[in-house]
$ cat protein05.cif   # mmCIF, C-alpha atoms
data_query
#
loop_
_atom_site.group_PDB
_atom_site.id
_atom_site.type_symbol
_atom_site.label_atom_id
_atom_site.label_comp_id
_atom_site.auth_asym_id
_atom_site.auth_seq_id
_atom_site.Cartn_x
_atom_site.Cartn_y
_atom_site.Cartn_z
ATOM 1 C CA MET A 1175 22.593 -5.483 -1.871
ATOM 2 C CA ALA A 1176 20.006 -2.681 -2.199
ATOM 3 C CA THR A 1177 20.209 -2.347 -5.998
ATOM 4 C CA TRP A 1178 17.753 -5.117 -6.862
ATOM 5 C CA PRO A 1179 15.113 -4.118 -4.279
ATOM 6 C CA ALA A 1180 15.334 -0.498 -5.484
ATOM 7 C CA LEU A 1181 14.986 -1.634 -9.108
ATOM 8 C CA ALA A 1182 11.993 -3.771 -8.147
ATOM 9 C CA LEU A 1183 10.302 -0.768 -6.521
ATOM 10 C CA THR A 1184 11.125 1.396 -9.531
ATOM 11 C CA PHE A 1185 9.505 -1.224 -11.757
ATOM 12 C CA ASN A 1186 6.364 -1.084 -9.611
ATOM 13 C CA ALA A 1187 6.323 2.715 -9.821
ATOM 14 C CA GLY A 1188 6.786 2.495 -13.578
ATOM 15 C CA VAL A 1189 3.852 0.102 -13.952
ATOM 16 C CA TRP A 1190 1.537 2.498 -12.124
ATOM 17 C CA GLY A 1191 2.993 5.652 -13.630
ATOM 18 C CA LEU A 1192 2.513 4.330 -17.171
ATOM 19 C CA SER A 1193 -0.785 2.500 -16.576
ATOM 20 C CA TRP A 1194 -2.772 5.451 -17.941
ATOM 21 C CA TRP A 1195 -1.682 4.614 -21.503
ATOM 22 C CA PRO A 1196 -3.026 1.013 -21.721
ATOM 23 C CA LEU A 1197 -6.164 2.101 -19.844
ATOM 24 C CA ARG A 1198 -6.784 4.744 -22.507
ATOM 25 C CA ARG A 1199 -6.193 2.231 -25.286
ATOM 26 C CA LEU A 1200 -8.744 -0.097 -23.667
ATOM 27 C CA ALA A 1201 -11.164 2.844 -23.441
ATOM 28 C CA ASP A 1202 -10.610 3.494 -27.159
ATOM 29 C CA ALA A 1203 -11.654 -0.128 -27.742
ATOM 30 C CA GLY A 1204 -14.912 0.544 -25.881
ATOM 31 C CA LEU A 1205 -13.965 -0.796 -22.458
ATOM 32 C CA HIS A 1206 -14.713 1.812 -19.794
ATOM 33 C CA PRO A 1207 -11.927 2.159 -17.182
ATOM 34 C CA LEU A 1208 -14.242 0.845 -14.435
ATOM 35 C CA TRP A 1209 -14.938 -2.305 -16.428
ATOM 36 C CA ALA A 1210 -11.240 -2.532 -17.354
ATOM 37 C CA THR A 1211 -10.281 -2.291 -13.657
ATOM 38 C CA THR A 1212 -12.799 -5.002 -12.794
ATOM 39 C CA LEU A 1213 -11.520 -7.389 -15.457
ATOM 40 C CA VAL A 1214 -7.848 -6.749 -14.723
ATOM 41 C CA TYR A 1215 -8.293 -7.216 -10.996
ATOM 42 C CA VAL A 1216 -10.365 -10.383 -11.382
ATOM 43 C CA VAL A 1217 -7.411 -11.951 -13.159
ATOM 44 C CA ALA A 1218 -4.909 -10.601 -10.616
ATOM 45 C CA ALA A 1219 -6.961 -11.625 -7.554
ATOM 46 C CA LEU A 1220 -7.526 -15.132 -8.905
ATOM 47 C CA ALA A 1221 -3.850 -15.530 -9.817
ATOM 48 C CA ILE A 1222 -2.552 -14.543 -6.364
ATOM 49 C CA GLY A 1223 -5.451 -16.257 -4.576
ATOM 50 C CA ALA A 1224 -4.801 -19.509 -6.421
ATOM 51 C CA ALA A 1225 -1.140 -19.407 -5.415
ATOM 52 C CA ARG A 1226 -2.041 -18.598 -1.777
ATOM 53 C CA PRO A 1227 -5.513 -20.103 -1.141
ATOM 54 C CA ALA A 1228 -5.179 -19.618 2.625
ATOM 55 C CA ALA A 1229 -5.341 -15.881 2.007
ATOM 56 C CA TRP A 1230 -9.087 -16.070 1.299
ATOM 57 C CA ARG A 1231 -9.746 -17.748 4.644
ATOM 58 C CA GLU A 1232 -7.605 -15.160 6.410
ATOM 59 C CA ILE A 1233 -9.611 -12.330 4.861
ATOM 60 C CA ALA A 1234 -12.865 -13.991 5.877
ATOM 61 C CA ARG A 1235 -11.666 -14.304 9.503
ATOM 62 C CA HIS A 1236 -10.477 -10.725 9.949
ATOM 63 C CA ARG A 1237 -13.107 -8.035 9.336
ATOM 64 C CA SER A 1238 -10.533 -5.274 9.420
ATOM 65 C CA LEU A 1239 -9.104 -6.591 6.148
ATOM 66 C CA TRP A 1240 -12.417 -5.675 4.544
ATOM 67 C CA VAL A 1241 -11.562 -2.047 5.181
ATOM 68 C CA VAL A 1242 -8.458 -2.707 3.068
ATOM 69 C CA VAL A 1243 -10.720 -4.266 0.430
ATOM 70 C CA LEU A 1244 -12.916 -1.152 0.275
ATOM 71 C CA ALA A 1245 -10.065 1.363 0.520
ATOM 72 C CA SER A 1246 -7.954 -0.352 -2.120
ATOM 73 C CA GLY A 1247 -10.948 -0.831 -4.392
ATOM 74 C CA THR A 1248 -11.853 2.858 -4.157
ATOM 75 C CA THR A 1249 -8.213 3.815 -4.768
ATOM 76 C CA ASN A 1250 -7.942 1.828 -7.955
ATOM 77 C CA ALA A 1251 -11.393 2.599 -9.330
ATOM 78 C CA ALA A 1252 -10.894 6.336 -8.792
ATOM 79 C CA PHE A 1253 -7.291 6.503 -10.009
ATOM 80 C CA ASN A 1254 -7.793 4.363 -13.125
ATOM 81 C CA TRP A 1255 -10.908 6.283 -14.124
ATOM 82 C CA ALA A 1256 -9.242 9.643 -13.495
ATOM 83 C CA VAL A 1257 -6.052 9.041 -15.508
ATOM 84 C CA THR A 1258 -8.140 7.739 -18.404
ATOM 85 C CA ILE A 1259 -10.274 10.883 -18.745
ATOM 86 C CA GLY A 1260 -8.196 13.724 -17.268
ATOM 87 C CA ASP A 1261 -4.867 15.524 -17.348
ATOM 88 C CA VAL A 1262 -2.542 12.770 -16.145
ATOM 89 C CA VAL A 1263 -0.062 14.998 -14.302
ATOM 90 C CA ARG A 1264 -2.742 16.935 -12.392
ATOM 91 C CA VAL A 1265 -4.506 13.702 -11.446
ATOM 92 C CA VAL A 1266 -1.317 12.044 -10.200
ATOM 93 C CA LEU A 1267 -0.306 15.126 -8.196
ATOM 94 C CA LEU A 1268 -3.734 15.354 -6.547
ATOM 95 C CA PHE A 1269 -3.574 11.630 -5.861
ATOM 96 C CA TYR A 1270 -0.269 12.155 -4.053
ATOM 97 C CA LEU A 1271 -1.881 14.489 -1.541
ATOM 98 C CA MET A 1272 -1.787 11.274 0.502
ATOM 99 C CA PRO A 1273 0.455 12.760 3.278
ATOM 100 C CA LEU A 1274 -2.280 15.317 3.961
ATOM 101 C CA TRP A 1275 -4.909 12.636 4.565
ATOM 102 C CA ALA A 1276 -2.516 10.168 6.196
ATOM 103 C CA VAL A 1277 -1.753 12.500 9.101
ATOM 104 C CA GLY A 1278 -5.386 12.689 10.197
ATOM 105 C CA LEU A 1279 -6.116 9.023 9.517
ATOM 106 C CA ALA A 1280 -3.036 7.859 11.433
ATOM 107 C CA ARG A 1281 -4.125 10.013 14.350
ATOM 108 C CA LEU A 1282 -7.653 8.589 14.230
ATOM 109 C CA LEU A 1283 -6.914 4.922 13.536
ATOM 110 C CA LEU A 1284 -3.403 4.407 14.930
ATOM 111 C CA ARG A 1285 -3.500 6.994 17.738
ATOM 112 C CA GLU A 1286 -0.282 8.509 16.422
ATOM 113 C CA ALA A 1287 0.861 11.835 17.811
ATOM 114 C CA LEU A 1288 0.930 14.958 15.644
ATOM 115 C CA PRO A 1289 4.536 16.217 15.776
ATOM 116 C CA PRO A 1290 5.383 19.623 14.304
ATOM 117 C CA ALA A 1291 6.880 17.971 11.220
ATOM 118 C CA ALA A 1292 3.511 16.368 10.442
ATOM 119 C CA LEU A 1293 1.814 19.752 10.561
ATOM 120 C CA VAL A 1294 4.466 21.150 8.201
ATOM 121 C CA ARG A 1295 3.718 18.309 5.775
ATOM 122 C CA VAL A 1296 0.029 19.105 5.944
ATOM 123 C CA ALA A 1297 0.718 22.790 5.240
ATOM 124 C CA LEU A 1298 2.947 21.946 2.265
ATOM 125 C CA ALA A 1299 0.433 19.510 0.786
ATOM 126 C CA LEU A 1300 -2.434 21.969 1.242
ATOM 127 C CA ALA A 1301 -0.438 24.782 -0.327
ATOM 128 C CA GLY A 1302 0.493 22.551 -3.255
ATOM 129 C CA ALA A 1303 -3.119 21.519 -3.787
ATOM 130 C CA MET A 1304 -4.272 25.138 -3.746
ATOM 131 C CA VAL A 1305 -1.655 26.120 -6.342
ATOM 132 C CA VAL A 1306 -2.545 23.198 -8.628
ATOM 133 C CA LEU A 1307 -6.298 23.771 -8.327
ATOM 134 C CA TRP A 1308 -6.391 27.568 -8.309
ATOM 135 C CA PRO A 1309 -8.515 28.702 -11.272
ATOM 136 C CA SER A 1310 -6.771 31.083 -13.646
ATOM 137 C CA GLY A 1311 -9.869 33.268 -13.705
ATOM 138 C CA GLY A 1312 -10.219 33.412 -9.928
ATOM 139 C CA GLY A 1313 -12.500 31.515 -7.582
ATOM 140 C CA TRP A 1314 -12.067 28.759 -5.027
ATOM 141 C CA PRO A 1315 -9.248 26.205 -5.470
ATOM 142 C CA LEU A 1316 -11.527 23.175 -5.746
ATOM 143 C CA PRO A 1317 -11.551 20.232 -8.179
ATOM 144 C CA ARG A 1318 -13.108 21.511 -11.397
ATOM 145 C CA THR A 1319 -13.477 18.265 -13.327
ATOM 146 C CA LEU A 1320 -14.567 14.715 -12.577
ATOM 147 C CA ALA A 1321 -10.969 13.576 -13.116
ATOM 148 C CA GLU A 1322 -9.617 15.995 -10.507
ATOM 149 C CA ALA A 1323 -12.307 15.007 -7.989
ATOM 150 C CA LEU A 1324 -11.501 11.332 -8.586
ATOM 151 C CA GLY A 1325 -7.792 12.070 -8.112
ATOM 152 C CA VAL A 1326 -8.457 13.628 -4.699
ATOM 153 C CA LEU A 1327 -10.809 10.774 -3.707
ATOM 154 C CA GLY A 1328 -8.280 8.185 -4.861
ATOM 155 C CA GLY A 1329 -5.525 9.824 -2.817
ATOM 156 C CA PHE A 1330 -7.682 9.816 0.319
ATOM 157 C CA ALA A 1331 -8.554 6.151 -0.195
ATOM 158 C CA PHE A 1332 -4.867 5.383 -0.819
ATOM 159 C CA ALA A 1333 -3.949 7.008 2.494
ATOM 160 C CA LEU A 1334 -6.642 4.967 4.263
ATOM 161 C CA ASN A 1335 -5.373 1.828 2.539
ATOM 162 C CA ASN A 1336 -1.787 2.453 3.672
ATOM 163 C CA VAL A 1337 -2.791 3.269 7.255
ATOM 164 C CA MET A 1338 -4.882 0.084 7.418
ATOM 165 C CA LEU A 1339 -2.020 -1.987 5.995
ATOM 166 C CA ARG A 1340 0.168 -0.680 8.828
ATOM 167 C CA ARG A 1341 -2.577 -1.475 11.314
ATOM 168 C CA GLU A 1342 -2.902 -4.999 9.905
ATOM 169 C CA ALA A 1343 0.841 -5.629 9.607
ATOM 170 C CA ALA A 1344 0.421 -8.945 11.455
ATOM 171 C CA ARG A 1345 -1.604 -10.357 8.567
ATOM 172 C CA SER A 1346 0.186 -12.277 5.833
ATOM 173 C CA GLU A 1347 1.423 -10.495 2.724
ATOM 174 C CA ALA A 1348 -0.728 -12.810 0.592
ATOM 175 C CA ALA A 1349 -3.912 -11.898 2.481
ATOM 176 C CA ARG A 1350 -3.175 -8.193 2.182
ATOM 177 C CA ALA A 1351 -2.385 -8.527 -1.536
ATOM 178 C CA VAL A 1352 -5.545 -10.532 -2.259
ATOM 179 C CA ALA A 1353 -7.604 -8.028 -0.240
ATOM 180 C CA MET A 1354 -6.226 -5.187 -2.351
ATOM 181 C CA PHE A 1355 -6.926 -6.887 -5.677
ATOM 182 C CA ALA A 1356 -10.324 -8.190 -4.539
ATOM 183 C CA GLY A 1357 -11.200 -4.609 -3.640
ATOM 184 C CA GLY A 1358 -10.560 -3.551 -7.219
ATOM 185 C CA VAL A 1359 -13.014 -6.208 -8.381
ATOM 186 C CA LEU A 1360 -15.767 -5.462 -5.857
ATOM 187 C CA VAL A 1361 -15.711 -1.654 -5.818
ATOM 188 C CA ALA A 1362 -15.009 -1.059 -9.511
ATOM 189 C CA GLY A 1363 -17.360 -3.877 -10.525
ATOM 190 C CA ALA A 1364 -20.245 -2.675 -8.362
ATOM 191 C CA LEU A 1365 -19.812 0.928 -9.527
ATOM 192 C CA ALA A 1366 -19.482 -0.096 -13.170
ATOM 193 C CA ALA A 1367 -22.615 -2.252 -12.980
ATOM 194 C CA ALA A 1368 -24.641 0.492 -11.272
ATOM 195 C CA LEU A 1369 -23.574 3.177 -13.755
ATOM 196 C CA THR A 1370 -24.163 0.856 -16.704
ATOM 197 C CA LEU A 1371 -27.685 0.069 -15.515
ATOM 198 C CA GLY A 1372 -28.244 3.810 -15.127
ATOM 199 C CA GLY A 1373 -27.094 4.426 -18.687
ATOM 200 C CA LEU A 1374 -24.084 6.500 -17.608
ATOM 201 C CA VAL A 1375 -21.368 3.992 -18.547
ATOM 202 C CA PRO A 1376 -21.343 1.759 -21.639
ATOM 203 C CA ALA A 1377 -21.511 -1.990 -21.167
ATOM 204 C CA PRO A 1378 -18.346 -3.956 -22.004
ATOM 205 C CA PRO A 1379 -17.975 -4.624 -25.729
ATOM 206 C CA ALA A 1380 -18.119 -8.097 -27.195
ATOM 207 C CA PRO A 1381 -14.867 -10.010 -26.571
ATOM 208 C CA ARG A 1382 -12.280 -9.329 -29.236
ATOM 209 C CA LEU A 1383 -8.694 -10.494 -29.235
ATOM 210 C CA PRO A 1384 -6.991 -7.032 -29.199
ATOM 211 C CA TRP A 1385 -8.694 -5.639 -26.088
ATOM 212 C CA VAL A 1386 -8.895 -8.970 -24.265
ATOM 213 C CA ALA A 1387 -5.169 -9.534 -24.832
ATOM 214 C CA GLY A 1388 -4.449 -5.965 -23.708
ATOM 215 C CA ALA A 1389 -6.455 -6.424 -20.511
ATOM 216 C CA LEU A 1390 -4.700 -9.716 -19.732
ATOM 217 C CA ALA A 1391 -1.296 -8.122 -20.368
ATOM 218 C CA LEU A 1392 -2.170 -5.242 -18.032
ATOM 219 C CA ALA A 1393 -3.301 -7.723 -15.379
ATOM 220 C CA ALA A 1394 0.026 -9.557 -15.684
ATOM 221 C CA LEU A 1395 1.886 -6.257 -15.253
ATOM 222 C CA PHE A 1396 -0.137 -5.365 -12.145
ATOM 223 C CA VAL A 1397 0.593 -8.785 -10.604
ATOM 224 C CA ALA A 1398 4.291 -8.434 -11.455
ATOM 225 C CA GLY A 1399 4.282 -4.916 -10.003
ATOM 226 C CA ASN A 1400 2.679 -6.141 -6.788
ATOM 227 C CA LEU A 1401 5.242 -8.919 -6.434
ATOM 228 C CA ALA A 1402 8.048 -6.432 -7.118
ATOM 229 C CA LEU A 1403 6.608 -4.102 -4.459
ATOM 230 C CA GLN A 1404 6.527 -6.882 -1.872
ATOM 231 C CA TYR A 1405 10.068 -7.958 -2.760
ATOM 232 C CA GLY A 1406 11.508 -4.447 -2.590
ATOM 233 C CA ALA A 1407 9.550 -3.234 0.440
ATOM 234 C CA ALA A 1408 10.654 -6.263 2.450
ATOM 235 C CA ARG A 1409 14.329 -5.476 1.820
ATOM 236 C CA LEU A 1410 14.531 -1.682 2.031
ATOM 237 C CA ALA A 1411 13.770 0.688 4.879
ATOM 238 C CA ALA A 1412 10.230 2.079 4.803
ATOM 239 C CA HIS A 1413 11.405 5.628 4.080
ATOM 240 C CA ALA A 1414 13.561 4.441 1.178
ATOM 241 C CA THR A 1415 10.639 2.472 -0.237
ATOM 242 C CA ALA A 1416 8.361 5.505 -0.088
ATOM 243 C CA VAL A 1417 10.886 7.776 -1.776
ATOM 244 C CA VAL A 1418 11.547 5.314 -4.617
ATOM 245 C CA LEU A 1419 7.806 4.874 -5.190
ATOM 246 C CA LEU A 1420 7.499 8.627 -5.727
ATOM 247 C CA THR A 1421 9.182 8.039 -9.090
ATOM 248 C CA GLU A 1422 5.659 7.117 -10.228
ATOM 249 C CA ILE A 1423 5.087 10.866 -10.591
ATOM 250 C CA VAL A 1424 8.140 11.113 -12.872
ATOM 251 C CA PHE A 1425 7.019 8.191 -15.051
ATOM 252 C CA ALA A 1426 3.507 9.601 -15.321
ATOM 253 C CA ALA A 1427 4.588 13.181 -15.995
ATOM 254 C CA LEU A 1428 7.222 12.450 -18.620
ATOM 255 C CA SER A 1429 5.105 9.915 -20.505
ATOM 256 C CA ALA A 1430 1.956 12.064 -20.377
ATOM 257 C CA VAL A 1431 3.715 15.210 -21.594
ATOM 258 C CA ALA A 1432 5.537 13.295 -24.333
ATOM 259 C CA LEU A 1433 2.306 11.714 -25.572
ATOM 260 C CA GLY A 1434 0.134 14.809 -25.227
ATOM 261 C CA ALA A 1435 -1.968 13.644 -22.269
ATOM 262 C CA ALA A 1436 -0.911 16.498 -19.990
ATOM 263 C CA VAL A 1437 0.358 20.066 -20.034
ATOM 264 C CA LEU A 1438 3.057 21.191 -17.599
ATOM 265 C CA GLY A 1439 2.115 24.753 -16.756
ATOM 266 C CA ALA A 1440 3.951 26.887 -14.214
ATOM 267 C CA THR A 1441 1.260 26.470 -11.554
ATOM 268 C CA THR A 1442 1.208 22.702 -11.973
ATOM 269 C CA VAL A 1443 4.986 22.527 -11.591
ATOM 270 C CA ALA A 1444 5.001 24.846 -8.555
ATOM 271 C CA GLY A 1445 2.127 23.080 -6.821
ATOM 272 C CA GLY A 1446 3.569 19.699 -7.697
ATOM 273 C CA ALA A 1447 6.895 20.655 -6.122
ATOM 274 C CA LEU A 1448 5.130 21.434 -2.827
ATOM 275 C CA ILE A 1449 3.144 18.190 -2.916
ATOM 276 C CA VAL A 1450 6.247 16.124 -3.682
ATOM 277 C CA ALA A 1451 8.130 17.917 -0.894
ATOM 278 C CA ALA A 1452 5.371 16.944 1.550
ATOM 279 C CA ALA A 1453 5.519 13.335 0.351
ATOM 280 C CA VAL A 1454 9.307 13.192 0.679
ATOM 281 C CA MET A 1455 9.091 14.624 4.204
ATOM 282 C CA ALA A 1456 6.527 11.967 5.089
ATOM 283 C CA ALA A 1457 8.853 9.283 3.768
ATOM 284 C CA TRP A 1458 12.016 10.525 5.450
ATOM 285 C CA PRO A 1459 12.928 8.837 8.740
ATOM 286 C CA GLY A 1460 12.537 10.917 11.861
ATOM 287 C CA ARG A 1461 15.331 11.432 14.309
ATOM 288 C CA ARG A 1462 15.413 8.575 16.755
ATOM 289 C CA PRO A 1463 15.818 9.205 20.457
ATOM 290 C CA PRO A 1464 19.172 8.117 21.889
ATOM 291 C CA SER A 1465 19.143 4.605 23.295
ATOM 292 C CA GLY A 1466 19.627 4.190 27.014
ATOM 293 C CA GLY A 1467 22.160 2.156 28.922
#
$ encode --input "protein05.cif" --output "structure tokens"
Amino acid sequence: MATWPALALTFNAGVWGLSWWPLRRLADAGLHPLWATTLVYVVAALAIGAARPAAWREIARHRSLWVVVLASGTTNAAFNWAVTIGDVVRVVLLFYLMPLWAVGLARLLLREALPPAALVRVALALAGAMVVLWPSGGGWPLPRTLAEALGVLGGFAFALNNVMLRREAARSEAARAVAMFAGGVLVAGALAAALTLGGLVPAPPAPRLPWVAGALALAALFVAGNLALQYGAARLAAHATAVVLLTEIVFAALSAVALGAAVLGATTVAGGALIVAAAVMAAWPGRRPPSGG
């Protein structure tokens, strides 16, 4: 029955689409999103790693999984920082430019062909990005804030992460999951430490029950979301999984607008529609050639 896998994937999308709110509450308590990401992912990596200790050895044996570590870590550090400081809807839409980056990365790393449909997806994603980023006063359609730049960077890293997960499909789910969470610890932690030493990011505040409990609760949600993703993705077709996960945009948009963390202007809606269309096209199954015999 596909209902439970679809609900599991929707839960995962909801966790990520709503994650901006607890991250902002942690920031209000003095915990910068980079330090929050580090703490949350330490808990998540240790929890999954303790349940599947062989995953650590598998990561150590296969260097290619370290690309997953770096790509996933960059994804989460950039996304979590961006949705904490920027317009949530714009950040999420720029993050979901993933089909644009995935086409080139799949060609480079997987030697995939570039069918006409892939070029159409690229054109749609590019057009959507230009509409979202086009300044009202004229100028080049480029990221204008740190949050927007982080959204674009996070989307590129997310595309690299997904392409590498396909390339490393023979590795165990536990190893891939631990690699992704460990990446959040290493990349976000290293960046947070460097920026703190440079005086650009505040050091973590003294432990207090409210923010520590909030961080642990967020870690538990991320672990639950990851488990739900693995459960649903293993039981639904890849295109169905990708389409359901796009509901993250809906969760993020509705919650951000309702709570005043985003403004839905006409250009954002129009550009977002093009970006979502590109993502849906990327998720939809291609026509299979007729079987012989």
$ resolve_selection --input "protein05.cif" --expression "the PyMOL selection byres ((chain A and resi 1284-1296) around 10)" --output "compact mmCIF listing (two decimals) with C-alpha atoms, in the coordinates of the input"
# COMPACT_ATOMS: atom_id res chain seq x y z
CA LEU A 1271 -1.88 14.49 -1.54
CA MET A 1272 -1.79 11.27 0.50
CA PRO A 1273 0.46 12.76 3.28
CA LEU A 1274 -2.28 15.32 3.96
CA TRP A 1275 -4.91 12.64 4.57
CA ALA A 1276 -2.52 10.17 6.20
CA VAL A 1277 -1.75 12.50 9.10
CA GLY A 1278 -5.39 12.69 10.20
CA LEU A 1279 -6.12 9.02 9.52
CA ALA A 1280 -3.04 7.86 11.43
CA ARG A 1281 -4.12 10.01 14.35
CA LEU A 1282 -7.65 8.59 14.23
CA LEU A 1283 -6.91 4.92 13.54
CA ALA A 1297 0.72 22.79 5.24
CA LEU A 1298 2.95 21.95 2.26
CA ALA A 1299 0.43 19.51 0.79
CA LEU A 1300 -2.43 21.97 1.24
CA ALA A 1301 -0.44 24.78 -0.33
CA GLY A 1302 0.49 22.55 -3.26
CA VAL A 1337 -2.79 3.27 7.26
CA MET A 1338 -4.88 0.08 7.42
CA ARG A 1340 0.17 -0.68 8.83
CA ARG A 1341 -2.58 -1.48 11.31
CA LEU A 1448 5.13 21.43 -2.83
CA ILE A 1449 3.14 18.19 -2.92
CA ALA A 1451 8.13 17.92 -0.89
CA ALA A 1452 5.37 16.94 1.55
CA ALA A 1453 5.52 13.34 0.35
CA VAL A 1454 9.31 13.19 0.68
CA MET A 1455 9.09 14.62 4.20
CA ALA A 1456 6.53 11.97 5.09
CA GLY A 1460 12.54 10.92 11.86
$ residues_around --input "protein05.cif" --residues "segment 1181-1190 of chain A" --least-positions-apart "3" --cutoff "9 Å" --atoms "all atoms listed in the file" --output "number ranges by chain"
A: 1176-1178, 1193-1194, 1395-1396, 1398-1407, 1415, 1418-1426
$ resolve_selection --input "protein05.cif" --expression "the PyMOL selection byres ((chain A and resi 1386) around 12)" --output "PyMOL selection string"
chain A and resi 1196+1199-1200+1203-1205+1209-1210+1213-1214+1217+1378-1385+1387-1393
$ atom_distance --input "protein05.cif" --atom1 "atom CA of Met1354 of chain A" --atom2 "atom CA of Ala1368 of chain A"
21.2 Å
$ atom_distance --input "protein05.cif" --atom1 "atom CA of Val1265 of chain A" --atom2 "atom CA of Arg1318 of chain A"
11.6 Å
$ atom_distance --input "protein05.cif" --atom1 "atom CA of Ala1256 of chain A" --atom2 "atom CA of Gly1325 of chain A"
6.1 Å
$ closest_residue --input "protein05.cif" --among "A:Gly1439, A:Gly1357, A:Gly1372, A:Gly1260" --to "Ala1323 of chain A" --atoms "only C-alpha atoms"
A:Gly1260
$ residues_around --input "protein05.cif" --residues "Trp1308 of chain A" --least-positions-apart "5" --cutoff "12 Å" --atoms "only C-alpha atoms" --output "compact mmCIF listing (two decimals) with C-alpha atoms, keeping the file's coordinate frame"
# COMPACT_ATOMS: atom_id res chain seq x y z
CA ARG A 1264 -2.74 16.93 -12.39
CA LEU A 1300 -2.43 21.97 1.24
CA ALA A 1301 -0.44 24.78 -0.33
CA GLY A 1302 0.49 22.55 -3.26
CA ALA A 1303 -3.12 21.52 -3.79
CA GLY A 1313 -12.50 31.52 -7.58
CA TRP A 1314 -12.07 28.76 -5.03
CA PRO A 1315 -9.25 26.20 -5.47
CA LEU A 1316 -11.53 23.18 -5.75
CA PRO A 1317 -11.55 20.23 -8.18
CA ARG A 1318 -13.11 21.51 -11.40
CA ALA A 1440 3.95 26.89 -14.21
CA THR A 1441 1.26 26.47 -11.55
CA THR A 1442 1.21 22.70 -11.97
CA ALA A 1444 5.00 24.85 -8.56
CA GLY A 1445 2.13 23.08 -6.82
$ closest_residue --input "protein05.cif" --among "A:Arg1345, A:Trp1458, A:Val1262, A:Ala1331" --to "Ala1414 of chain A" --atoms "all atoms listed in the file"
A:Trp1458
$ residues_around --input "protein05.cif" --residues "Trp1195 of chain A" --least-positions-apart "6" --cutoff "10 Å" --atoms "all atoms listed in the file" --output "list in words"
Ala1201, Val1257, Thr1258, Val1262, Ala1426, Ser1429, Ala1430, Leu1433 and Ala1435 of chain A
$ residues_around --input "protein05.cif" --residues "Glu1342 of chain A" --least-positions-apart "4" --cutoff "10 Å" --atoms "all atoms listed in the file" --output "list of chain:residue names"
A:His1236, A:Ser1238, A:Leu1239, A:Val1242, A:Asn1336, A:Val1337, A:Met1338, A:Ser1346, A:Arg1350
$ write_last_selection --input "protein05.cif" --atoms "C-alpha atoms" --output "PDB file, keeping the file's coordinate frame"
ATOM      1  CA  HIS A1236     -10.477 -10.725   9.949  1.00  0.00           C
ATOM      2  CA  SER A1238     -10.533  -5.274   9.420  1.00  0.00           C
ATOM      3  CA  LEU A1239      -9.104  -6.591   6.148  1.00  0.00           C
ATOM      4  CA  VAL A1242      -8.458  -2.707   3.068  1.00  0.00           C
ATOM      5  CA  ASN A1336      -1.787   2.453   3.672  1.00  0.00           C
ATOM      6  CA  VAL A1337      -2.791   3.269   7.255  1.00  0.00           C
ATOM      7  CA  MET A1338      -4.882   0.084   7.418  1.00  0.00           C
ATOM      8  CA  SER A1346       0.186 -12.277   5.833  1.00  0.00           C
ATOM      9  CA  ARG A1350      -3.175  -8.193   2.182  1.00  0.00           C
TER      10      ARG A1350
END
$ closest_residue --input "protein05.cif" --among "A:Ile1259, A:Ala1348, A:Leu1428, A:Val1361" --to "Arg1198 of chain A" --atoms "only C-alpha atoms"
A:Ile1259
$ residues_around --input "protein05.cif" --residues "Gly1363 of chain A" --least-positions-apart "2" --cutoff "7 Å" --atoms "only C-alpha atoms" --output "list of chain:residue names"
A:Leu1208, A:Trp1209, A:Thr1212, A:Val1359, A:Leu1360, A:Val1361, A:Leu1365, A:Ala1366, A:Ala1367
$ closest_residue --input "protein05.cif" --among "A:Val1437, A:Ala1411, A:Val1443, A:Ala1356" --to "Ala1221 of chain A" --atoms "only C-alpha atoms"
A:Ala1356
$ closest_residue --input "protein05.cif" --among "A:Ala1252, A:Ala1351, A:Ala1432, A:Leu1244" --to "Pro1207 of chain A" --atoms "all atoms listed in the file"
A:Ala1252
$ closest_residue --input "protein05.cif" --among "A:Gly1434, A:Leu1371, A:Thr1211, A:Glu1322" --to "Val1306 of chain A" --atoms "all atoms listed in the file"
A:Glu1322
$ build_atoms --input "protein05.cif" --residues "segment 1239-1246 of chain A" --atoms "N, CA and C atoms" --output "PDB file, in the coordinates of the input"
ATOM      1  N   LEU A1239      -9.646  -6.508   7.498  1.00  0.00           N
ATOM      2  CA  LEU A1239      -9.104  -6.591   6.148  1.00  0.00           C
ATOM      3  C   LEU A1239     -10.130  -6.149   5.107  1.00  0.00           C
ATOM      4  N   TRP A1240     -11.401  -6.150   5.485  1.00  0.00           N
ATOM      5  CA  TRP A1240     -12.417  -5.675   4.544  1.00  0.00           C
ATOM      6  C   TRP A1240     -12.352  -4.170   4.377  1.00  0.00           C
ATOM      7  N   VAL A1241     -11.804  -3.479   5.370  1.00  0.00           N
ATOM      8  CA  VAL A1241     -11.562  -2.047   5.181  1.00  0.00           C
ATOM      9  C   VAL A1241     -10.493  -1.854   4.106  1.00  0.00           C
ATOM     10  N   VAL A1242      -9.477  -2.731   4.116  1.00  0.00           N
ATOM     11  CA  VAL A1242      -8.458  -2.707   3.068  1.00  0.00           C
ATOM     12  C   VAL A1242      -9.100  -2.980   1.714  1.00  0.00           C
ATOM     13  N   VAL A1243     -10.013  -3.941   1.678  1.00  0.00           N
ATOM     14  CA  VAL A1243     -10.720  -4.266   0.430  1.00  0.00           C
ATOM     15  C   VAL A1243     -11.414  -3.011  -0.127  1.00  0.00           C
ATOM     16  N   LEU A1244     -12.166  -2.324   0.724  1.00  0.00           N
ATOM     17  CA  LEU A1244     -12.916  -1.152   0.275  1.00  0.00           C
ATOM     18  C   LEU A1244     -11.998   0.018  -0.066  1.00  0.00           C
ATOM     19  N   ALA A1245     -10.975   0.242   0.769  1.00  0.00           N
ATOM     20  CA  ALA A1245     -10.065   1.363   0.520  1.00  0.00           C
ATOM     21  C   ALA A1245      -9.261   1.143  -0.755  1.00  0.00           C
ATOM     22  N   SER A1246      -8.736  -0.053  -0.918  1.00  0.00           N
ATOM     23  CA  SER A1246      -7.954  -0.352  -2.120  1.00  0.00           C
ATOM     24  C   SER A1246      -8.828  -0.305  -3.359  1.00  0.00           C
TER      25      SER A1246
END
